[in-house]
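J.: Can you keep this structure in mind? I'll have questions shortly.
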Amino acid sequence: MPVAQIALPVPLARTFDYSIPQGMRVEAGLRVNVPFGRRNMVGIVFGVSESSELAPENLKPLIDVIDETPLFSETLWRLLLRAAAYYHHPIGDVLFHTLPAPLRLGKPAQAAPLWYWRASAEGQSLDLNSLKRAPKQQQALAALRQRDIWRHQVTELDINEAALQALRKKALCELHHQRPKIERWQQHYATQGERLRLNTEQATAVGAIHGDADQFSPWLLAGITGSGKTEVYLSALENVLARGKQALVLVPEIGLTPQTIARFRERFKAPVVVVHSGLNDSERLDAWLKARDGEAAIVIGTRSALFTPFNHLGIIIVDEEHDGSYKQQEGWRYNGRDLAVWRAHAENIPIILGSATPSLETLHNVRLGKYRQLTLTRRAGNARPPQQHLLDLKSQPLQAGLAPALIGRMRQHLRDGNQIILFLNRRGFAPALLCHDCGWIAECPRCDRYYTVHQMQRHLRCHHCDSQRPLPPQCPQCGSTHLVTAGIGTEQLEQALSPLFPGIPLTRIDRDTTSRKGALERQLSEVQQGGARILIGTQMLAKGHHFPDVTLVALLDVDSALFSADFRAAERFAQLYTQVSGRAGRADKQGEVVLQTHHPEHPLLQTLLYKGYGAFADRALAERQSVMLPPWSHHVLIRADDQDNQQAARFLQQFRQRLEASPLADAQLWIIGPVPALQPKRGGRYRWQLLLQHTSRPIMQRLLQSVLPQINELVEARRLKWGVDVDPIDS
């Protein structure tokens with residue numbers, strides 16, 4: 001009796017066997033309905049075999065098959081199986097993660113039918129005067145006798161839907177449907193809009209990419225901020241689209257998609273669709289179908305867009321490849337950038353990894369010869385590199401966190417009609433609320449972290465678990481009403497700047513001001529109109545935005561980034577600083593960058609200011625090699641959390657014992673822990689971790705594959721939340 005192995009969206013690292021009823025055709029990649037416990041579920045066929053470990057009488061039969069053809073291409077299917085094995089995540093969870101929500105629920109994997117009204121034979125022959133007592137029906141039937149009417153056009157034509165339904169009951173009209181026609185954009189494809197003249201470096205990069213257009217070729221496009229990387233992307237896409245192939249463009253965050261879409265739609269007379277978490281379910285499915293059926297020429301999206309099916313994919317572009325947003329931080333903890341390289345290899349197509357501040361892992365792959373580097377060293381047009389200044393804050397009287405010298409520079413730039421960016425990576429009004437009389441500090445009991453004050457909403461919010469509470473009128477410890485804030489956030493900075501710079505428009509861009517749909521686009525549109533303006537923002541402002549009138553960028557608080565227990569903190573700050581400073585001085589305007597710090601002599605700042613990101617990266621790679629940190633070794637983080645601060649530590653200790661007892665554990669394996677996480681408590685749960693390090697990725701993978709089945713059998717493994725994070729980027 002043939003048996004189907006079914007992957008289900010459950011947190012279990014296994015598939016489930018079901019018998020295949022006679023006459024039912026089943027193959028890998030099809031969705032099926034199956035009984036599971038007391039309910040029915042949608043599953044995905046993982047494979048078909050001739051037998052099962054279970055007795056035939058214990059096998060439940062499949063209920064029905066949903067799809068006629070598999071949802072996954074062969075290359076995408078192999079990629080997902082490989083990714084599930086590499087990240088040690090349940091295959092059912094992986095497969096369902098890649099599908100739009102309607103498909104997970106069993107909806108058809110095809111576009112919704114288009115419905116239209118048509119006059120019946122009786123309606124065509126009826127004397128319209130017989131409907132004179134029902135004028136709306138008379139009007140509707142008269143219109144239908146002229147032509148069929150699409151259902152979505154009914155309101156536009158001022159026809160009453162109730163009248164149509166009444167005509168239908170009288171058999172005078174009928175409701176029909178048809179499948180939407182697939183539009184082949186290749187027949188009408190053309191470039192359009194302004195095409196900038198490429199400089200020598202850009203033309204060389206485009207030529208190199210085009211030369212390897214029919215094979216897997218990973219390119220690092222390392223270009224300083226403002227060097228025209230997007231123009232290289234567009235020119236490379238011209239060659240791909242001209243051959244009738246599709247393109248996938250990944251961006252790190254939703255905030256970058258509006259301007260990216262605008263640039264691409266201005267350039268190409270071809271359909272561009274978007275895939276990101278901000279879409280509703282029907283929009284997500286529509287984009288998925290258009291890409292699969294070949295109707296979309298270009299798909300632009302965040303990391304989840306990587307799993308979009310394509311009819312004929314020709315290139316992948318990963319913009320800002322260094323960005324941590326490409327790493328999924330919950331559930332299946334995959335790295336979208338790394339899987340993009342895997343997919344390009346599976347599809348045998350080129351991939352461009354673009355960044356002004358490439359990750360150390362990517363630079364290491366260039367050194368190993370796995371990737372090839374293309375470098376853009378000149379700013380586009382006549383733009384000159386910004387001037388950079390360190391402001392020593394020691395003993396300085398600050399106003400709203402601004403040094404007097406910075407305020408003076410701001411006045412000068414605003415007088416010239418230019419724009420300013422003030423970068424403060426701390427949203428809200430203030431990072432803490434305290435009692436001036438007894439020293440009490442408002443702390444989230446679920447995370448043991450300070451609440452952030454949000455003055456406009458009149459509440460305290462934990463930025464770790466997102467819990468909220470109203471602003472207290474008095475201290476809960478001593479009853480004093482003398483409550484004061486400590487520190488400055490973007491909301492407070494915005495309020496403080498109004499009296500300092502009266503009449504100057506202020507634009508605050510952070511997660512609080514851009515949460516509503518279309519808010520970011522409106523704010524960016526206001527900025528693009530030009531004129532003197534102050535922009536205040538978090539790291540959302542650092543990523544890929546083009547502000548032609550910004551001539552001064554100031555980083556208000558760099559000290560918090562200079563001292564951290566995370567070995568990646570220096571790399572993140574170097575990338576952030578370089579990206580933020582790159583917003584200053586586009587086109588023919590001279591830019592200026594100011595860093596406020598109490599430690600102007602810090603070696604990281606000195607290297608970045610006077611030698612650049614490249615020198616920092618060389619130094620950081622050498623330092624990591626000396627202590628064998630990634631990319632010279634490979635990390636796996638085993639995370640566990642509980643509610644009593646005891647079970648997780650015991651479980652991880654058992655995990656460690658199994659690892660140490662394995663015959664695959666050699667002298668190169670280094671295990672740290674169990675230890676509390678850097679943030680020991682979040683959302684009311686205590687967090688522990690076990691860090692594994694090895695110089696060989698294959699040995700580490702085999703070790704985990706051999707040990708994880710034993711771990712899954714532990715009683716403790718079923719009592720608490722735990723997971724495996726391969727190649728973690730934070731702890």
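Lettering and numbering for the structure tokens are positional, with chains as A, B, ... in the shown order, residues counted from 1 in each chain, and ligands counted from 1 in the shown order.
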At a cut-off of 6 Å, using only C-alpha atoms, what residues contact Tyr451 in chain A? Leave out same-chain residues fewer than 4 positions from it and give the result as a list of chain:residue names.
T.: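 After dropping sequence-adjacent residues, the list is A:Ala432, A:Ala442, A:Glu443, A:Cys444, A:Leu460, A:Arg461, A:Cys462.
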J.: For the selection you just gave me, I'd like the residues written to a file as a CSV table (one decimal), in the first residue's frame, keeping N, CA and C atoms.
T.:
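Done, and the output landed in result.csv:
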```
chain,number,residue,atom,x,y,z
A,432,ALA,N,14.0,56.4,30.4
A,432,ALA,CA,13.8,56.0,31.8
A,432,ALA,C,12.9,57.0,32.5
A,442,ALA,N,11.0,53.2,37.0
A,442,ALA,CA,10.0,52.4,36.4
A,442,ALA,C,10.6,51.3,35.5
A,443,GLU,N,10.3,50.1,36.0
A,443,GLU,CA,10.9,48.9,35.3
A,443,GLU,C,9.9,47.9,34.9
A,444,CYS,N,10.0,47.3,33.7
A,444,CYS,CA,9.1,46.3,33.3
A,444,CYS,C,9.3,45.0,34.1
A,460,LEU,N,4.0,54.4,29.5
A,460,LEU,CA,5.3,53.7,29.6
A,460,LEU,C,5.2,52.5,28.7
A,461,ARG,N,6.3,52.2,27.9
A,461,ARG,CA,6.3,51.1,27.1
A,461,ARG,C,7.6,50.4,27.2
A,462,CYS,N,7.6,49.0,27.2
A,462,CYS,CA,8.8,48.2,27.2
A,462,CYS,C,9.1,47.9,25.8
```
J.: Just the strand (DSSP E or B) stuff from range 376-461 of chain A, please, per backbone DSSP, written as number ranges by chain.
T.: A: 376, 387-392, 399, 402, 419-423, 430, 432-435, 441, 443-444, 449-450, 452-454, 459-461
J.: Could you check which of A:Arg151, A:His454, A:Arg411, A:Arg337 is closest to Ile504 in chain A, using only C-alpha atoms?
T.: A:Arg411
J.: Any idea what's packed within 10 Å of range 434-437 of chain A, counting only C-alpha atoms, ignoring anything in its chain fewer than 3 positions away? Could you give it as number ranges by chain?
T.: A: 440-443, 450, 474-486
J.: Leaving out range 686-700 of chain A and any residue of its chain fewer than 3 positions from it, which residues lie within 6 Å of it when counting only C-alpha atoms, given as a JSON list (two decimals) with all heavy atoms, in the first residue's frame?
T.:
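Output (result-v5.json):
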```json
[["chain", "number", "residue", "atom", "x", "y", "z"],
["A", 633, "SER", "N", 35.60, 31.03, 12.55],
["A", 633, "SER", "CA", 34.99, 29.84, 13.16],
["A", 633, "SER", "C", 33.48, 29.95, 12.95],
["A", 633, "SER", "O", 33.01, 30.93, 12.35],
["A", 633, "SER", "CB", 35.32, 29.76, 14.66],
["A", 633, "SER", "OG", 34.75, 30.88, 15.34],
["A", 634, "HIS", "N", 32.74, 28.96, 13.44],
["A", 634, "HIS", "CA", 31.30, 28.93, 13.19],
["A", 634, "HIS", "C", 30.56, 28.70, 14.51],
["A", 634, "HIS", "O", 30.97, 27.86, 15.32],
["A", 634, "HIS", "CB", 30.97, 27.83, 12.18],
["A", 634, "HIS", "CG", 31.82, 27.91, 10.95],
["A", 634, "HIS", "ND1", 31.61, 28.85, 9.97],
["A", 634, "HIS", "CD2", 32.91, 27.20, 10.57],
["A", 634, "HIS", "CE1", 32.52, 28.71, 9.02],
["A", 634, "HIS", "NE2", 33.32, 27.71, 9.36],
["A", 635, "HIS", "N", 29.51, 29.48, 14.71],
["A", 635, "HIS", "CA", 28.75, 29.45, 15.96],
["A", 635, "HIS", "C", 27.38, 28.82, 15.78],
["A", 635, "HIS", "O", 26.74, 28.98, 14.74],
["A", 635, "HIS", "CB", 28.56, 30.87, 16.50],
["A", 635, "HIS", "CG", 29.77, 31.43, 17.18],
["A", 635, "HIS", "ND1", 29.84, 32.72, 17.66],
["A", 635, "HIS", "CD2", 30.98, 30.87, 17.46],
["A", 635, "HIS", "CE1", 31.02, 32.93, 18.21],
["A", 635, "HIS", "NE2", 31.73, 31.83, 18.09],
["A", 636, "VAL", "N", 26.95, 28.14, 16.81],
["A", 636, "VAL", "CA", 25.56, 27.70, 16.95],
["A", 636, "VAL", "C", 25.14, 28.04, 18.37],
["A", 636, "VAL", "O", 25.86, 27.74, 19.33],
["A", 636, "VAL", "CB", 25.39, 26.19, 16.69],
["A", 636, "VAL", "CG1", 23.96, 25.75, 17.03],
["A", 636, "VAL", "CG2", 25.71, 25.85, 15.24],
["A", 637, "LEU", "N", 23.99, 28.69, 18.50],
["A", 637, "LEU", "CA", 23.50, 29.09, 19.81],
["A", 637, "LEU", "C", 22.25, 28.26, 20.13],
["A", 637, "LEU", "O", 21.29, 28.24, 19.35],
["A", 637, "LEU", "CB", 23.14, 30.58, 19.79],
["A", 637, "LEU", "CG", 23.06, 31.31, 21.13],
["A", 637, "LEU", "CD1", 24.39, 31.26, 21.86],
["A", 637, "LEU", "CD2", 22.65, 32.76, 20.89],
["A", 638, "ILE", "N", 22.30, 27.52, 21.24],
["A", 638, "ILE", "CA", 21.13, 26.78, 21.71],
["A", 638, "ILE", "C", 20.45, 27.64, 22.75],
["A", 638, "ILE", "O", 21.03, 27.96, 23.79],
["A", 638, "ILE", "CB", 21.51, 25.41, 22.31],
["A", 638, "ILE", "CG1", 22.52, 24.68, 21.42],
["A", 638, "ILE", "CG2", 20.26, 24.58, 22.55],
["A", 638, "ILE", "CD1", 22.02, 24.36, 20.03],
["A", 639, "ARG", "N", 19.21, 28.05, 22.48],
["A", 639, "ARG", "CA", 18.48, 28.94, 23.38],
["A", 639, "ARG", "C", 17.38, 28.16, 24.10],
["A", 639, "ARG", "O", 16.74, 27.29, 23.49],
["A", 639, "ARG", "CB", 17.85, 30.11, 22.61],
["A", 639, "ARG", "CG", 18.82, 30.90, 21.75],
["A", 639, "ARG", "CD", 18.03, 31.86, 20.85],
["A", 639, "ARG", "NE", 18.87, 32.54, 19.88],
["A", 639, "ARG", "CZ", 19.39, 33.74, 20.04],
["A", 639, "ARG", "NH1", 19.16, 34.41, 21.16],
["A", 639, "ARG", "NH2", 20.14, 34.30, 19.10],
["A", 640, "ALA", "N", 17.13, 28.50, 25.33],
["A", 640, "ALA", "CA", 16.02, 27.90, 26.08],
["A", 640, "ALA", "C", 15.52, 28.93, 27.08],
["A", 640, "ALA", "O", 16.29, 29.75, 27.59],
["A", 640, "ALA", "CB", 16.46, 26.63, 26.80],
["A", 641, "ASP", "N", 14.21, 28.92, 27.33],
["A", 641, "ASP", "CA", 13.68, 29.83, 28.34],
["A", 641, "ASP", "C", 12.57, 29.14, 29.13],
["A", 641, "ASP", "O", 11.95, 28.19, 28.66],
["A", 641, "ASP", "CB", 13.17, 31.13, 27.71],
["A", 641, "ASP", "CG", 12.12, 30.92, 26.65],
["A", 641, "ASP", "OD1", 10.99, 30.56, 27.02],
["A", 641, "ASP", "OD2", 12.41, 31.12, 25.46],
["A", 642, "ASP", "N", 12.37, 29.61, 30.35],
["A", 642, "ASP", "CA", 11.37, 29.01, 31.24],
["A", 642, "ASP", "C", 10.78, 30.10, 32.12],
["A", 642, "ASP", "O", 11.14, 31.28, 32.00],
["A", 642, "ASP", "CB", 12.00, 27.89, 32.09],
["A", 642, "ASP", "CG", 13.13, 28.40, 32.97],
["A", 642, "ASP", "OD1", 13.10, 29.57, 33.38],
["A", 642, "ASP", "OD2", 14.07, 27.62, 33.24],
["A", 643, "GLN", "N", 9.92, 29.69, 33.05],
["A", 643, "GLN", "CA", 9.28, 30.66, 33.94],
["A", 643, "GLN", "C", 9.81, 30.58, 35.36],
["A", 643, "GLN", "O", 9.47, 31.42, 36.19],
["A", 643, "GLN", "CB", 7.76, 30.44, 33.94],
["A", 643, "GLN", "CG", 7.11, 30.81, 32.61],
["A", 643, "GLN", "CD", 5.60, 30.63, 32.63],
["A", 643, "GLN", "OE1", 5.11, 29.62, 33.12],
["A", 643, "GLN", "NE2", 4.87, 31.59, 32.09],
["A", 645, "ASN", "N", 13.33, 29.92, 36.01],
["A", 645, "ASN", "CA", 14.78, 30.18, 35.99],
["A", 645, "ASN", "C", 15.59, 28.97, 36.45],
["A", 645, "ASN", "O", 16.72, 29.11, 36.93],
["A", 645, "ASN", "CB", 15.13, 31.39, 36.86],
["A", 645, "ASN", "CG", 16.40, 32.08, 36.38],
["A", 645, "ASN", "OD1", 16.81, 31.92, 35.22],
["A", 645, "ASN", "ND2", 17.04, 32.83, 37.24],
["A", 668, "GLN", "N", 38.58, 20.77, 18.61],
["A", 668, "GLN", "CA", 38.22, 22.07, 18.04],
["A", 668, "GLN", "C", 36.85, 22.56, 18.50],
["A", 668, "GLN", "O", 36.48, 23.69, 18.22],
["A", 668, "GLN", "CB", 38.23, 21.98, 16.50],
["A", 668, "GLN", "CG", 39.57, 21.60, 15.91],
["A", 668, "GLN", "CD", 40.66, 22.58, 16.28],
["A", 668, "GLN", "OE1", 40.47, 23.78, 16.18],
["A", 668, "GLN", "NE2", 41.79, 22.07, 16.74],
["A", 669, "LEU", "N", 36.09, 21.69, 19.18],
["A", 669, "LEU", "CA", 34.78, 22.09, 19.67],
["A", 669, "LEU", "C", 34.93, 22.85, 20.98],
["A", 669, "LEU", "O", 35.56, 22.36, 21.92],
["A", 669, "LEU", "CB", 33.89, 20.87, 19.87],
["A", 669, "LEU", "CG", 32.50, 21.14, 20.47],
["A", 669, "LEU", "CD1", 31.65, 21.96, 19.52],
["A", 669, "LEU", "CD2", 31.80, 19.82, 20.83],
["A", 670, "TRP", "N", 34.33, 24.02, 21.01],
["A", 670, "TRP", "CA", 34.38, 24.85, 22.21],
["A", 670, "TRP", "C", 32.94, 25.12, 22.64],
["A", 670, "TRP", "O", 32.12, 25.57, 21.84],
["A", 670, "TRP", "CB", 35.11, 26.15, 21.91],
["A", 670, "TRP", "CG", 35.43, 26.99, 23.11],
["A", 670, "TRP", "CD1", 35.72, 26.54, 24.36],
["A", 670, "TRP", "CD2", 35.49, 28.42, 23.16],
["A", 670, "TRP", "NE1", 35.97, 27.60, 25.20],
["A", 670, "TRP", "CE2", 35.84, 28.78, 24.49],
["A", 670, "TRP", "CE3", 35.29, 29.42, 22.23],
["A", 670, "TRP", "CZ2", 35.98, 30.09, 24.90],
["A", 670, "TRP", "CZ3", 35.45, 30.74, 22.64],
["A", 670, "TRP", "CH2", 35.78, 31.08, 23.96],
["A", 671, "ILE", "N", 32.62, 24.80, 23.89],
["A", 671, "ILE", "CA", 31.26, 24.96, 24.41],
["A", 671, "ILE", "C", 31.29, 25.95, 25.57],
["A", 671, "ILE", "O", 32.09, 25.79, 26.51],
["A", 671, "ILE", "CB", 30.67, 23.62, 24.88],
["A", 671, "ILE", "CG1", 30.73, 22.58, 23.76],
["A", 671, "ILE", "CG2", 29.22, 23.82, 25.35],
["A", 671, "ILE", "CD1", 30.22, 21.21, 24.17],
["A", 672, "ILE", "N", 30.43, 26.96, 25.51],
["A", 672, "ILE", "CA", 30.33, 27.94, 26.59],
["A", 672, "ILE", "C", 28.92, 27.86, 27.16],
["A", 672, "ILE", "O", 27.94, 28.01, 26.43],
["A", 672, "ILE", "CB", 30.58, 29.37, 26.07],
["A", 672, "ILE", "CG1", 31.95, 29.47, 25.41],
["A", 672, "ILE", "CG2", 30.48, 30.38, 27.20],
["A", 672, "ILE", "CD1", 32.21, 30.81, 24.76],
["A", 673, "GLY", "N", 28.82, 27.64, 28.45],
["A", 673, "GLY", "CA", 27.51, 27.63, 29.08],
["A", 673, "GLY", "C", 27.15, 26.28, 29.66],
["A", 673, "GLY", "O", 27.97, 25.37, 29.68],
["A", 674, "PRO", "N", 25.91, 26.22, 30.15],
["A", 674, "PRO", "CA", 24.82, 27.19, 30.04],
["A", 674, "PRO", "C", 25.07, 28.47, 30.84],
["A", 674, "PRO", "O", 25.57, 28.43, 31.98],
["A", 674, "PRO", "CB", 23.61, 26.45, 30.62],
["A", 674, "PRO", "CG", 24.01, 25.02, 30.72],
["A", 674, "PRO", "CD", 25.48, 25.00, 30.88],
["A", 675, "VAL", "N", 24.72, 29.60, 30.23],
["A", 675, "VAL", "CA", 24.84, 30.91, 30.88],
["A", 675, "VAL", "C", 23.57, 31.70, 30.57],
["A", 675, "VAL", "O", 22.91, 31.47, 29.57],
["A", 675, "VAL", "CB", 26.08, 31.68, 30.39],
["A", 675, "VAL", "CG1", 27.36, 30.97, 30.80],
["A", 675, "VAL", "CG2", 26.02, 31.89, 28.88],
["A", 676, "PRO", "N", 23.23, 32.67, 31.44],
["A", 676, "PRO", "CA", 22.10, 33.55, 31.11],
["A", 676, "PRO", "C", 22.38, 34.34, 29.83],
["A", 676, "PRO", "O", 23.53, 34.69, 29.55],
["A", 676, "PRO", "CB", 21.99, 34.47, 32.33],
["A", 676, "PRO", "CG", 22.69, 33.73, 33.43],
["A", 676, "PRO", "CD", 23.79, 32.96, 32.77],
["A", 677, "ALA", "N", 21.36, 34.62, 29.05],
["A", 677, "ALA", "CA", 21.51, 35.44, 27.85],
["A", 677, "ALA", "C", 21.88, 36.87, 28.25],
["A", 677, "ALA", "O", 21.73, 37.26, 29.42],
["A", 677, "ALA", "CB", 20.21, 35.43, 27.04],
["A", 680, "PRO", "N", 18.71, 38.58, 30.26],
["A", 680, "PRO", "CA", 18.33, 37.34, 30.95],
["A", 680, "PRO", "C", 16.83, 37.10, 31.06],
["A", 680, "PRO", "O", 16.41, 35.97, 31.26],
["A", 680, "PRO", "CB", 18.96, 37.50, 32.34],
["A", 680, "PRO", "CG", 19.93, 38.63, 32.22],
["A", 680, "PRO", "CD", 19.42, 39.50, 31.14],
["A", 681, "LYS", "N", 16.03, 38.16, 30.96],
["A", 681, "LYS", "CA", 14.59, 37.99, 31.13],
["A", 681, "LYS", "C", 13.86, 38.82, 30.08],
["A", 681, "LYS", "O", 14.18, 39.98, 29.85],
["A", 681, "LYS", "CB", 14.17, 38.43, 32.54],
["A", 681, "LYS", "CG", 12.72, 38.10, 32.89],
["A", 681, "LYS", "CD", 12.41, 38.57, 34.32],
["A", 681, "LYS", "CE", 10.96, 38.26, 34.72],
["A", 681, "LYS", "NZ", 10.64, 38.80, 36.05],
["A", 703, "LEU", "N", 27.63, 16.89, 14.07],
["A", 703, "LEU", "CA", 27.50, 16.76, 15.52],
["A", 703, "LEU", "C", 26.06, 17.04, 15.96],
["A", 703, "LEU", "O", 25.45, 16.27, 16.72],
["A", 703, "LEU", "CB", 28.47, 17.71, 16.22],
["A", 703, "LEU", "CG", 28.38, 17.79, 17.75],
["A", 703, "LEU", "CD1", 28.70, 16.45, 18.39],
["A", 703, "LEU", "CD2", 29.32, 18.88, 18.29]]
```
J.: For range 310-376 of chain A versus range 217-236 of chain A, which residues have an atom no more than 7 Å away, and what is each residue's nearest atom pair and distance in Å rounded to one decimal, using only C-alpha atoms, chain-then-number order, as JSON lines?
T.:
```
{"residue": "A:Ile349", "atom": "CA", "partner": "A:Ser217", "partner_atom": "CA", "distance": 6.7}
{"residue": "A:Pro350", "atom": "CA", "partner": "A:Ser217", "partner_atom": "CA", "distance": 4.5}
{"residue": "A:Ile351", "atom": "CA", "partner": "A:Pro218", "partner_atom": "CA", "distance": 4.9}
{"residue": "A:Ile352", "atom": "CA", "partner": "A:Trp219", "partner_atom": "CA", "distance": 4.8}
{"residue": "A:Leu353", "atom": "CA", "partner": "A:Leu220", "partner_atom": "CA", "distance": 4.8}
{"residue": "A:Gly354", "atom": "CA", "partner": "A:Leu221", "partner_atom": "CA", "distance": 4.6}
{"residue": "A:Ser355", "atom": "CA", "partner": "A:Ala222", "partner_atom": "CA", "distance": 5.3}
{"residue": "A:Ala356", "atom": "CA", "partner": "A:Ile224", "partner_atom": "CA", "distance": 4.7}
{"residue": "A:Pro358", "atom": "CA", "partner": "A:Ala222", "partner_atom": "CA", "distance": 6.8}
{"residue": "A:Tyr371", "atom": "CA", "partner": "A:Pro218", "partner_atom": "CA", "distance": 5.2}
{"residue": "A:Arg372", "atom": "CA", "partner": "A:Trp219", "partner_atom": "CA", "distance": 5.0}
{"residue": "A:Gln373", "atom": "CA", "partner": "A:Leu220", "partner_atom": "CA", "distance": 4.6}
{"residue": "A:Leu374", "atom": "CA", "partner": "A:Leu221", "partner_atom": "CA", "distance": 4.9}
{"residue": "A:Thr375", "atom": "CA", "partner": "A:Ala222", "partner_atom": "CA", "distance": 4.9}
{"residue": "A:Leu376", "atom": "CA", "partner": "A:Gly223", "partner_atom": "CA", "distance": 4.2}
```
J.: Could you please take those selected residues and save C-alpha atoms as a JSON list (two decimals), in the first residue's frame?
T.:
```json
[["chain", "number", "residue", "atom", "x", "y", "z"],
["A", 349, "ILE", "CA", 22.15, 32.67, -12.01],
["A", 350, "PRO", "CA", 24.21, 35.68, -10.87],
["A", 351, "ILE", "CA", 23.63, 37.38, -7.53],
["A", 352, "ILE", "CA", 24.73, 40.89, -6.54],
["A", 353, "LEU", "CA", 25.38, 41.64, -2.86],
["A", 354, "GLY", "CA", 25.48, 45.42, -2.57],
["A", 355, "SER", "CA", 26.70, 47.51, 0.35],
["A", 356, "ALA", "CA", 28.80, 50.50, 1.28],
["A", 358, "PRO", "CA", 30.01, 44.86, 3.54],
["A", 371, "TYR", "CA", 32.79, 35.81, -4.23],
["A", 372, "ARG", "CA", 34.23, 38.40, -6.61],
["A", 373, "GLN", "CA", 34.33, 42.08, -5.66],
["A", 374, "LEU", "CA", 33.38, 45.10, -7.75],
["A", 375, "THR", "CA", 34.32, 48.42, -6.16],
["A", 376, "LEU", "CA", 32.82, 51.89, -6.63]]
```
